[in-house]
file structure_15.cif (mmCIF, C-alpha atoms)
data_upload
loop_
_atom_site.group_PDB
_atom_site.id
_atom_site.type_symbol
_atom_site.label_atom_id
_atom_site.label_comp_id
_atom_site.auth_asym_id
_atom_site.auth_seq_id
_atom_site.Cartn_x
_atom_site.Cartn_y
_atom_site.Cartn_z
ATOM 1 C CA MET A 10 -4.887 -12.443 -68.652
ATOM 2 C CA SER A 11 -1.235 -11.753 -69.483
ATOM 3 C CA PHE A 12 1.348 -11.509 -66.729
ATOM 4 C CA GLN A 13 2.792 -8.089 -66.028
ATOM 5 C CA LYS A 14 5.201 -7.238 -63.218
ATOM 6 C CA ILE A 15 3.336 -4.327 -61.684
ATOM 7 C CA SER A 16 5.816 -4.318 -58.807
ATOM 8 C CA GLU A 17 8.617 -3.540 -61.293
ATOM 9 C CA GLN A 18 6.860 -0.610 -62.985
ATOM 10 C CA PRO A 19 8.441 2.853 -62.637
ATOM 11 C CA SER A 20 7.637 4.766 -59.463
ATOM 12 C CA ILE A 21 4.958 7.419 -59.784
ATOM 13 C CA TYR A 22 7.462 9.800 -58.172
ATOM 14 C CA ASP A 23 10.656 11.103 -59.750
ATOM 15 C CA ASN A 24 13.693 13.211 -58.909
ATOM 16 C CA LEU A 25 13.708 11.681 -55.440
ATOM 17 C CA GLU A 26 17.222 12.953 -54.737
ATOM 18 C CA ARG A 27 15.943 16.528 -55.035
ATOM 19 C CA MET A 28 13.066 16.119 -52.571
ATOM 20 C CA PRO A 29 13.341 17.573 -49.061
ATOM 21 C CA VAL A 30 13.327 14.882 -46.359
ATOM 22 C CA GLY A 31 9.842 15.842 -45.194
ATOM 23 C CA GLU A 32 8.471 15.384 -48.693
ATOM 24 C CA LEU A 33 10.211 12.019 -49.093
ATOM 25 C CA LEU A 34 8.697 10.775 -45.844
ATOM 26 C CA ALA A 35 5.228 12.080 -46.701
ATOM 27 C CA HIS A 36 5.217 10.304 -50.068
ATOM 28 C CA ILE A 37 6.517 7.038 -48.598
ATOM 29 C CA ASN A 38 3.731 7.243 -46.030
ATOM 30 C CA GLU A 39 1.172 7.897 -48.777
ATOM 31 C CA GLU A 40 2.318 4.763 -50.572
ATOM 32 C CA ASP A 41 2.313 2.686 -47.382
ATOM 33 C CA GLN A 42 -1.349 3.556 -46.821
ATOM 34 C CA LYS A 43 -2.179 1.657 -50.010
ATOM 35 C CA VAL A 44 -0.813 -1.598 -48.577
ATOM 36 C CA ALA A 45 -3.573 -2.381 -46.081
ATOM 37 C CA LEU A 46 -6.204 -1.863 -48.783
ATOM 38 C CA ALA A 47 -4.370 -4.252 -51.114
ATOM 39 C CA VAL A 48 -4.167 -6.854 -48.347
ATOM 40 C CA GLN A 49 -7.861 -6.376 -47.546
ATOM 41 C CA LYS A 50 -8.759 -7.533 -51.054
ATOM 42 C CA THR A 51 -7.029 -10.870 -50.387
ATOM 43 C CA LEU A 52 -8.906 -11.714 -47.165
ATOM 44 C CA PRO A 53 -11.079 -14.409 -48.815
ATOM 45 C CA GLN A 54 -7.960 -16.254 -49.997
ATOM 46 C CA ILE A 55 -6.275 -15.922 -46.603
ATOM 47 C CA GLU A 56 -9.414 -17.193 -44.877
ATOM 48 C CA LYS A 57 -9.559 -20.200 -47.181
ATOM 49 C CA LEU A 58 -5.904 -20.993 -46.522
ATOM 50 C CA VAL A 59 -6.167 -20.726 -42.722
ATOM 51 C CA SER A 60 -9.318 -22.863 -42.719
ATOM 52 C CA LEU A 61 -7.390 -25.606 -44.534
ATOM 53 C CA ILE A 62 -4.242 -25.296 -42.419
ATOM 54 C CA VAL A 63 -5.906 -25.644 -38.992
ATOM 55 C CA PRO A 64 -7.156 -29.240 -39.380
ATOM 56 C CA LYS A 65 -3.882 -30.239 -41.062
ATOM 57 C CA MET A 66 -1.896 -28.946 -38.076
ATOM 58 C CA GLU A 67 -4.253 -30.715 -35.680
ATOM 59 C CA ASN A 68 -3.246 -33.864 -37.541
ATOM 60 C CA GLY A 69 0.461 -33.213 -37.035
ATOM 61 C CA GLY A 70 1.060 -30.982 -40.039
ATOM 62 C CA ARG A 71 3.452 -28.059 -40.246
ATOM 63 C CA ILE A 72 3.653 -24.763 -42.119
ATOM 64 C CA PHE A 73 6.684 -24.087 -44.301
ATOM 65 C CA TYR A 74 7.526 -20.623 -45.629
ATOM 66 C CA ILE A 75 9.974 -20.455 -48.526
ATOM 67 C CA GLY A 76 11.415 -17.364 -50.182
ATOM 68 C CA ALA A 77 14.516 -15.482 -51.287
ATOM 69 C CA GLY A 78 15.911 -12.112 -50.240
ATOM 70 C CA THR A 79 13.460 -9.909 -48.360
ATOM 71 C CA SER A 80 10.658 -12.421 -48.882
ATOM 72 C CA GLY A 81 12.721 -15.236 -47.389
ATOM 73 C CA ARG A 82 13.818 -13.098 -44.446
ATOM 74 C CA LEU A 83 10.227 -12.183 -43.621
ATOM 75 C CA GLY A 84 9.205 -15.841 -43.659
ATOM 76 C CA VAL A 85 12.060 -16.782 -41.333
ATOM 77 C CA LEU A 86 11.170 -13.836 -39.082
ATOM 78 C CA ASP A 87 7.542 -14.866 -38.745
ATOM 79 C CA ALA A 88 8.462 -18.495 -38.108
ATOM 80 C CA SER A 89 11.021 -17.534 -35.461
ATOM 81 C CA GLU A 90 8.538 -15.379 -33.549
ATOM 82 C CA ILE A 91 5.898 -18.094 -33.149
ATOM 83 C CA PRO A 92 7.583 -20.222 -30.434
ATOM 84 C CA PRO A 93 8.133 -17.389 -27.897
ATOM 85 C CA THR A 94 4.767 -15.797 -28.615
ATOM 86 C CA PHE A 95 2.583 -18.894 -28.517
ATOM 87 C CA GLY A 96 4.681 -21.447 -26.632
ATOM 88 C CA VAL A 97 4.979 -24.005 -29.442
ATOM 89 C CA ASP A 98 8.201 -25.668 -30.533
ATOM 90 C CA SER A 99 10.138 -24.380 -33.513
ATOM 91 C CA GLY A 100 9.059 -27.296 -35.696
ATOM 92 C CA HIS A 101 5.470 -26.065 -36.085
ATOM 93 C CA ILE A 102 6.274 -23.250 -38.513
ATOM 94 C CA ILE A 103 9.545 -23.363 -40.441
ATOM 95 C CA GLY A 104 11.053 -20.637 -42.610
ATOM 96 C CA LEU A 105 13.491 -21.391 -45.431
ATOM 97 C CA ILE A 106 15.490 -18.812 -47.362
ATOM 98 C CA ALA A 107 17.477 -19.315 -50.563
ATOM 99 C CA GLY A 108 21.137 -19.439 -49.604
ATOM 100 C CA GLY A 109 20.477 -20.649 -46.064
ATOM 101 C CA ASP A 110 21.157 -18.752 -42.842
ATOM 102 C CA THR A 111 24.008 -16.814 -44.463
ATOM 103 C CA ALA A 112 21.416 -15.101 -46.657
ATOM 104 C CA LEU A 113 19.638 -13.652 -43.625
ATOM 105 C CA ARG A 114 22.382 -11.033 -43.348
ATOM 106 C CA ASN A 115 24.222 -11.184 -46.653
ATOM 107 C CA PRO A 116 23.194 -11.767 -50.266
ATOM 108 C CA VAL A 117 24.134 -15.197 -51.604
ATOM 109 C CA GLU A 118 24.920 -14.967 -55.314
ATOM 110 C CA LYS A 119 22.451 -16.762 -57.605
ATOM 111 C CA ALA A 120 20.911 -18.733 -54.710
ATOM 112 C CA GLU A 121 17.394 -17.902 -55.857
ATOM 113 C CA ASP A 122 17.997 -18.940 -59.482
ATOM 114 C CA ASP A 123 18.133 -22.719 -58.872
ATOM 115 C CA VAL A 124 14.704 -24.148 -59.674
ATOM 116 C CA ASN A 125 15.434 -27.453 -57.880
ATOM 117 C CA LYS A 126 17.160 -26.190 -54.721
ATOM 118 C CA GLY A 127 13.994 -25.129 -52.884
ATOM 119 C CA TRP A 128 12.474 -28.613 -53.023
ATOM 120 C CA ASN A 129 15.782 -30.192 -52.062
ATOM 121 C CA ASP A 130 15.971 -27.906 -49.018
ATOM 122 C CA LEU A 131 12.455 -28.963 -48.025
ATOM 123 C CA LEU A 132 13.306 -32.653 -48.292
ATOM 124 C CA ALA A 133 15.724 -32.214 -45.384
ATOM 125 C CA TYR A 134 12.628 -31.667 -43.209
ATOM 126 C CA GLN A 135 10.766 -34.714 -44.571
ATOM 127 C CA ILE A 136 7.986 -32.473 -45.890
ATOM 128 C CA ASN A 137 4.849 -34.499 -46.598
ATOM 129 C CA ALA A 138 1.142 -34.299 -47.424
ATOM 130 C CA LYS A 139 0.244 -33.325 -43.851
ATOM 131 C CA ASP A 140 2.166 -30.080 -44.306
ATOM 132 C CA THR A 141 1.473 -26.748 -46.002
ATOM 133 C CA LEU A 142 3.982 -24.854 -48.153
ATOM 134 C CA ILE A 143 3.660 -21.091 -48.585
ATOM 135 C CA GLY A 144 5.897 -19.523 -51.231
ATOM 136 C CA ILE A 145 6.741 -15.837 -50.832
ATOM 137 C CA ALA A 146 8.035 -13.797 -53.782
ATOM 138 C CA ALA A 147 7.067 -10.236 -54.624
ATOM 139 C CA SER A 148 7.800 -10.760 -58.313
ATOM 140 C CA GLY A 149 6.034 -14.110 -58.459
ATOM 141 C CA THR A 150 8.836 -15.449 -60.645
ATOM 142 C CA THR A 151 11.662 -16.522 -58.277
ATOM 143 C CA PRO A 152 12.825 -19.966 -59.569
ATOM 144 C CA TYR A 153 13.800 -21.217 -56.081
ATOM 145 C CA VAL A 154 10.250 -20.605 -54.872
ATOM 146 C CA VAL A 155 8.299 -21.507 -58.016
ATOM 147 C CA GLY A 156 10.163 -24.804 -58.385
ATOM 148 C CA ALA A 157 9.551 -25.741 -54.750
ATOM 149 C CA LEU A 158 5.813 -25.077 -54.964
ATOM 150 C CA LYS A 159 5.439 -26.884 -58.267
ATOM 151 C CA THR A 160 7.082 -30.054 -56.935
ATOM 152 C CA ALA A 161 5.258 -29.821 -53.602
ATOM 153 C CA LYS A 162 1.926 -29.623 -55.362
ATOM 154 C CA GLU A 163 2.849 -32.665 -57.470
ATOM 155 C CA ASN A 164 3.476 -34.509 -54.190
ATOM 156 C CA GLY A 165 0.023 -33.742 -52.772
ATOM 157 C CA ILE A 166 1.125 -30.927 -50.460
ATOM 158 C CA LEU A 167 -1.184 -27.937 -49.946
ATOM 159 C CA THR A 168 0.472 -24.888 -51.516
ATOM 160 C CA ALA A 169 -0.143 -21.154 -51.249
ATOM 161 C CA SER A 170 1.715 -18.127 -52.524
ATOM 162 C CA ILE A 171 2.143 -14.489 -51.512
ATOM 163 C CA SER A 172 3.147 -12.172 -54.339
ATOM 164 C CA SER A 173 2.623 -8.612 -55.563
ATOM 165 C CA ASN A 174 1.694 -9.407 -59.157
ATOM 166 C CA PRO A 175 -1.462 -11.076 -60.471
ATOM 167 C CA ASN A 176 -1.333 -14.126 -62.734
ATOM 168 C CA SER A 177 2.335 -14.799 -62.039
ATOM 169 C CA PRO A 178 4.110 -18.144 -62.543
ATOM 170 C CA LEU A 179 4.062 -18.531 -58.741
ATOM 171 C CA SER A 180 0.301 -18.015 -58.607
ATOM 172 C CA ASP A 181 -0.104 -20.610 -61.349
ATOM 173 C CA VAL A 182 1.516 -23.353 -59.244
ATOM 174 C CA ALA A 183 -0.220 -22.446 -55.952
ATOM 175 C CA ASP A 184 -3.464 -24.013 -54.779
ATOM 176 C CA ILE A 185 -4.294 -20.714 -53.085
ATOM 177 C CA PRO A 186 -2.608 -17.654 -54.624
ATOM 178 C CA ILE A 187 -2.618 -14.536 -52.442
ATOM 179 C CA GLU A 188 -1.881 -11.541 -54.658
ATOM 180 C CA THR A 189 -1.343 -8.279 -52.764
ATOM 181 C CA VAL A 190 -1.171 -5.854 -55.686
ATOM 182 C CA VAL A 191 0.376 -2.816 -54.002
ATOM 183 C CA GLY A 192 1.457 -1.111 -57.233
ATOM 184 C CA PRO A 193 4.854 0.329 -58.192
ATOM 185 C CA GLU A 194 7.301 0.852 -55.352
ATOM 186 C CA PHE A 195 8.342 4.347 -54.179
ATOM 187 C CA VAL A 196 11.866 3.522 -55.315
ATOM 188 C CA THR A 197 11.367 1.623 -58.572
ATOM 189 C CA GLY A 198 11.633 -2.118 -58.038
ATOM 190 C CA SER A 199 12.499 -1.904 -54.316
ATOM 191 C CA SER A 200 10.199 -4.683 -53.151
ATOM 192 C CA ARG A 201 11.503 -4.446 -49.573
ATOM 193 C CA MET A 202 9.098 -1.505 -49.248
ATOM 194 C CA LYS A 203 5.357 -1.906 -50.002
ATOM 195 C CA SER A 204 5.623 -5.514 -51.157
ATOM 196 C CA GLY A 205 7.560 -6.480 -48.042
ATOM 197 C CA THR A 206 5.086 -4.680 -45.799
ATOM 198 C CA ALA A 207 2.197 -6.525 -47.439
ATOM 199 C CA GLN A 208 3.975 -9.858 -47.012
ATOM 200 C CA LYS A 209 4.555 -9.174 -43.305
ATOM 201 C CA MET A 210 0.883 -8.296 -42.823
ATOM 202 C CA VAL A 211 -0.312 -11.476 -44.546
ATOM 203 C CA LEU A 212 2.129 -13.663 -42.612
ATOM 204 C CA ASN A 213 0.954 -12.075 -39.349
ATOM 205 C CA MET A 214 -2.632 -12.914 -40.283
ATOM 206 C CA ILE A 215 -1.903 -16.508 -41.211
ATOM 207 C CA SER A 216 0.251 -17.494 -38.244
ATOM 208 C CA THR A 217 -1.710 -15.555 -35.619
ATOM 209 C CA SER A 218 -5.124 -16.839 -36.683
ATOM 210 C CA VAL A 219 -3.806 -20.414 -36.931
ATOM 211 C CA MET A 220 -2.347 -20.196 -33.418
ATOM 212 C CA ILE A 221 -5.585 -18.747 -32.036
ATOM 213 C CA LYS A 222 -7.569 -21.588 -33.589
ATOM 214 C CA GLN A 223 -5.029 -24.018 -32.105
ATOM 215 C CA GLY A 224 -6.010 -22.780 -28.634
ATOM 216 C CA ARG A 225 -2.826 -20.792 -27.981
ATOM 217 C CA VAL A 226 -4.740 -17.642 -26.939
ATOM 218 C CA LYS A 227 -7.335 -17.199 -24.192
ATOM 219 C CA GLY A 228 -9.608 -14.177 -24.480
ATOM 220 C CA ASN A 229 -7.071 -11.867 -26.076
ATOM 221 C CA LYS A 230 -3.997 -12.965 -24.135
ATOM 222 C CA MET A 231 -0.886 -14.995 -25.044
ATOM 223 C CA ILE A 232 -1.314 -17.493 -22.217
ATOM 224 C CA ASN A 233 1.291 -19.880 -23.657
ATOM 225 C CA MET A 234 4.079 -17.345 -24.226
ATOM 226 C CA GLN A 235 7.558 -18.328 -23.143
ATOM 227 C CA LEU A 236 8.769 -16.583 -19.969
ATOM 228 C CA THR A 237 12.066 -15.439 -21.439
ATOM 229 C CA ASN A 238 12.451 -12.096 -19.656
ATOM 230 C CA ALA A 239 11.210 -10.038 -16.707
ATOM 231 C CA LYS A 240 8.635 -8.190 -18.823
ATOM 232 C CA LEU A 241 6.976 -11.417 -19.918
ATOM 233 C CA VAL A 242 7.035 -12.880 -16.402
ATOM 234 C CA ASP A 243 5.281 -9.743 -15.167
ATOM 235 C CA ARG A 244 2.746 -9.946 -18.001
ATOM 236 C CA GLY A 245 2.041 -13.604 -17.233
ATOM 237 C CA THR A 246 1.679 -12.853 -13.527
ATOM 238 C CA ARG A 247 -0.872 -10.132 -14.232
ATOM 239 C CA MET A 248 -2.796 -12.556 -16.433
ATOM 240 C CA LEU A 249 -3.139 -14.898 -13.459
ATOM 241 C CA VAL A 250 -4.105 -12.052 -11.129
ATOM 242 C CA GLU A 251 -6.911 -11.142 -13.522
ATOM 243 C CA GLU A 252 -7.963 -14.672 -14.418
ATOM 244 C CA LEU A 253 -7.779 -16.339 -10.997
ATOM 245 C CA GLY A 254 -8.266 -13.420 -8.614
ATOM 246 C CA LEU A 255 -4.948 -14.038 -6.852
ATOM 247 C CA GLY A 256 -2.588 -11.546 -5.297
ATOM 248 C CA TYR A 257 0.462 -10.606 -7.359
ATOM 249 C CA GLU A 258 2.998 -12.578 -5.296
ATOM 250 C CA GLU A 259 0.880 -15.722 -5.212
ATOM 251 C CA ALA A 260 0.215 -15.452 -8.946
ATOM 252 C CA ASN A 261 3.922 -14.970 -9.646
ATOM 253 C CA LYS A 262 4.848 -18.032 -7.619
ATOM 254 C CA LEU A 263 2.224 -20.119 -9.416
ATOM 255 C CA LEU A 264 3.400 -18.906 -12.822
ATOM 256 C CA LEU A 265 7.037 -19.745 -12.165
ATOM 257 C CA GLU A 266 6.096 -23.136 -10.761
ATOM 258 C CA PHE A 267 4.235 -24.229 -13.903
ATOM 259 C CA GLY A 268 6.149 -22.275 -16.535
ATOM 260 C CA SER A 269 3.236 -20.662 -18.380
ATOM 261 C CA ALA A 270 -0.035 -18.926 -17.652
ATOM 262 C CA SER A 271 -1.882 -21.700 -19.458
ATOM 263 C CA GLU A 272 -0.418 -24.492 -17.303
ATOM 264 C CA ALA A 273 -0.816 -22.435 -14.138
ATOM 265 C CA ILE A 274 -4.524 -21.875 -14.821
ATOM 266 C CA LYS A 275 -5.040 -25.523 -15.715
ATOM 267 C CA ASN A 276 -3.405 -26.782 -12.510
ATOM 268 C CA PHE A 277 -5.005 -24.165 -10.244
ATOM 269 C CA ILE A 278 -8.500 -25.120 -11.413
ATOM 270 C CA LYS A 279 -7.903 -28.882 -10.847
#

call {"tool": "encode", "arguments": {"input": "structure_15.cif", "output": "structure tokens"}}
result
Amino acid sequence: MSFQKISEQPSIYDNLERMPVGELLAHINEEDQKVALAVQKTLPQIEKLVSLIVPKMENGGRIFYIGAGTSGRLGVLDASEIPPTFGVDSGHIIGLIAGGDTALRNPVEKAEDDVNKGWNDLLAYQINAKDTLIGIAASGTTPYVVGALKTAKENGILTASISSNPNSPLSDVADIPIETVVGPEFVTGSSRMKSGTAQKMVLNMISTSVMIKQGRVKGNKMINMQLTNAKLVDRGTRMLVEELGLGYEEANKLLLEFGSASEAIKNFIK
């Protein structure tokens, strides 16, 4: 099949500047409802990827996300939320964006056009065959991402991709291509919209299911979350009240003593 950038096709809506606000919002919402269905079609690929990642991480492997622009920012976002949510260190899942941290807030000119820079950025982390590299690019053509995946695959590293176009150059170099075909954007070519939403959904699925399978959730609760504010301390205390049958004050004291609900439960049961 030939490669066509569906994500770059003209919007099915026109004269947006003439639409009343209510109509704009209704149409954006209509388009957003298509995203979950597009992601649903990729569940077999996501399942395959997670099933391969879990044993690699149990053997000391890491997950790397790499992207540019919105795609890069979403990868960094997901990676940065894992430590406080699941109580793992920041080295388990690492997000890289073309142009570095500056690009999180400001565009860095031509950063995504260097086909060798992505792999060079990864080398700073001593990426190896224990790890997994997930390239994120709505277009499926970003040189920074495509080049990184191609070289990673040549070095025996498990690769996956998340894009909005089937049969893209990025899909071609990924062991497991995840293609969320959400169709043309509401504003033509604005991949921060449906494409970005799809990417966020897929990243949520990957990281959350991996952490669950790593034993970072008990029942349906984040028992390893970091106690970084009063809300989370209260949530952890209530977990212990429910799990151990303690009073609130006793549970709170136990939680603060051991630093997490997981450790508190482990030491209480000893």

call {"tool": "resolve_selection", "arguments": {"input": "structure_15.cif", "expression": "the PyMOL selection byres ((chain A and resi 136-140) around 12)", "output": "number ranges by chain"}}
result
A: 61-74, 100-103, 127-135, 141-143, 157-158, 160-169

call {"tool": "resolve_selection", "arguments": {"input": "structure_15.cif", "expression": "the PyMOL selection byres ((chain A and resi 90) around 12)", "output": "MDAnalysis selection string"}}
result
chainID A and resid 83:89 91:99 101:104 212:213 216:217 220 234:235

call {"tool": "resolve_selection", "arguments": {"input": "structure_15.cif", "expression": "the PyMOL selection byres ((chain A and resi 75-77) around 7)", "output": "PyMOL selection string"}}
result
chain A and resi 73-74+78-81+84+104-107+121+143-146+154

call {"tool": "closest_residue", "arguments": {"input": "structure_15.cif", "among": "A:Ala45, A:Val219, A:Leu33, A:Lys262", "to": "A:Ser204", "atoms": "all atoms listed in the file"}}
result
A:Ala45

call {"tool": "closest_residue", "arguments": {"input": "structure_15.cif", "among": "A:Asp110, A:Asp181, A:Asp122, A:Glu258", "to": "A:Pro152", "atoms": "only C-alpha atoms"}}
result
A:Asp122

call {"tool": "closest_residue", "arguments": {"input": "structure_15.cif", "among": "A:Ser16, A:Thr237, A:Ser269, A:Asn115", "to": "A:Ser172", "atoms": "all atoms listed in the file"}}
result
A:Ser16

call {"tool": "axis_aligned_box", "arguments": {"input": "structure_15.cif", "around": "stretch 266-276 of chain A", "padding_each_side": "8 Å", "output": "JSON"}}
result
{"center_x": 0.6, "center_y": -22.9, "center_z": -15.1, "size_x": 27.2, "size_y": 23.9, "size_z": 24.7}

call {"tool": "closest_residue", "arguments": {"input": "structure_15.cif", "among": "A:Asn125, A:Asn261, A:Asn229, A:Asn24", "to": "A:Leu241", "atoms": "all atoms listed in the file"}}
result
A:Asn261

call {"tool": "residues_around", "arguments": {"input": "structure_15.cif", "residues": "A:Glu56", "least_positions_apart": "2", "cutoff": "12 Å", "atoms": "all atoms listed in the file", "output": "list in words"}}
result
Gln49, Lys50, Thr51, Leu52, Pro53, Gln54, Leu58, Val59, Ser60, Leu61, Ile62, Val63, Ala169, Ile185, Pro186, Ile187, Val211, Met214, Ile215, Ser216, Ser218 and Val219 of chain A

call {"tool": "write_last_selection", "arguments": {"input": "structure_15.cif", "atoms": "C-alpha atoms", "output": "compact mmCIF listing (two decimals), keeping the file's coordinate frame"}}
result
# COMPACT_ATOMS: atom_id res chain seq x y z
CA GLN A 49 -7.86 -6.38 -47.55
CA LYS A 50 -8.76 -7.53 -51.05
CA THR A 51 -7.03 -10.87 -50.39
CA LEU A 52 -8.91 -11.71 -47.16
CA PRO A 53 -11.08 -14.41 -48.82
CA GLN A 54 -7.96 -16.25 -50.00
CA LEU A 58 -5.90 -20.99 -46.52
CA VAL A 59 -6.17 -20.73 -42.72
CA SER A 60 -9.32 -22.86 -42.72
CA LEU A 61 -7.39 -25.61 -44.53
CA ILE A 62 -4.24 -25.30 -42.42
CA VAL A 63 -5.91 -25.64 -38.99
CA ALA A 169 -0.14 -21.15 -51.25
CA ILE A 185 -4.29 -20.71 -53.08
CA PRO A 186 -2.61 -17.65 -54.62
CA ILE A 187 -2.62 -14.54 -52.44
CA VAL A 211 -0.31 -11.48 -44.55
CA MET A 214 -2.63 -12.91 -40.28
CA ILE A 215 -1.90 -16.51 -41.21
CA SER A 216 0.25 -17.49 -38.24
CA SER A 218 -5.12 -16.84 -36.68
CA VAL A 219 -3.81 -20.41 -36.93

call {"tool": "residues_near_point", "arguments": {"input": "structure_15.cif", "point": "(-1.2, 1.0, -54.5)", "cutoff": "9 Å", "atoms": "all atoms listed in the file", "output": "VMD selection string"}}
result
chain A and resid 40 to 44 46 to 47 190 to 194 203

call {"tool": "atom_distance", "arguments": {"input": "structure_15.cif", "atom1": "atom CA of A:Thr246", "atom2": "atom CA of A:Leu264"}}
result
6.3 Å

call {"tool": "atom_distance", "arguments": {"input": "structure_15.cif", "atom1": "atom CA of A:Ile37", "atom2": "atom CA of A:Pro19"}}
result
14.8 Å

call {"tool": "decode", "arguments": {"input": "structure_15.cif", "residues": "stretch 17-33 of chain A", "atoms": "C-alpha atoms", "output": "short mmCIF file (atom, residue, chain, number, x, y, z; two decimals), in the first residue's frame"}}
result
data_model
loop_
_atom_site.label_atom_id
_atom_site.label_comp_id
_atom_site.auth_asym_id
_atom_site.auth_seq_id
_atom_site.Cartn_x
_atom_site.Cartn_y
_atom_site.Cartn_z
CA GLU A 17 -2.58 16.25 6.71
CA GLN A 18 -5.73 16.01 4.58
CA PRO A 19 -8.08 19.02 4.55
CA SER A 20 -10.56 19.26 7.41
CA ILE A 21 -14.08 18.11 6.64
CA TYR A 22 -15.23 21.46 8.03
CA ASP A 23 -14.69 24.86 6.44
CA ASN A 24 -15.25 28.55 7.13
CA LEU A 25 -14.37 27.93 10.76
CA GLU A 26 -13.96 31.65 11.44
CA ARG A 27 -17.65 32.16 10.63
CA MET A 28 -18.94 29.48 13.00
CA PRO A 29 -20.56 30.47 16.30
CA VAL A 30 -18.57 29.27 19.33
CA GLY A 31 -21.18 26.65 20.21
CA GLU A 32 -20.94 25.15 16.74
CA LEU A 33 -17.13 25.13 16.86
#
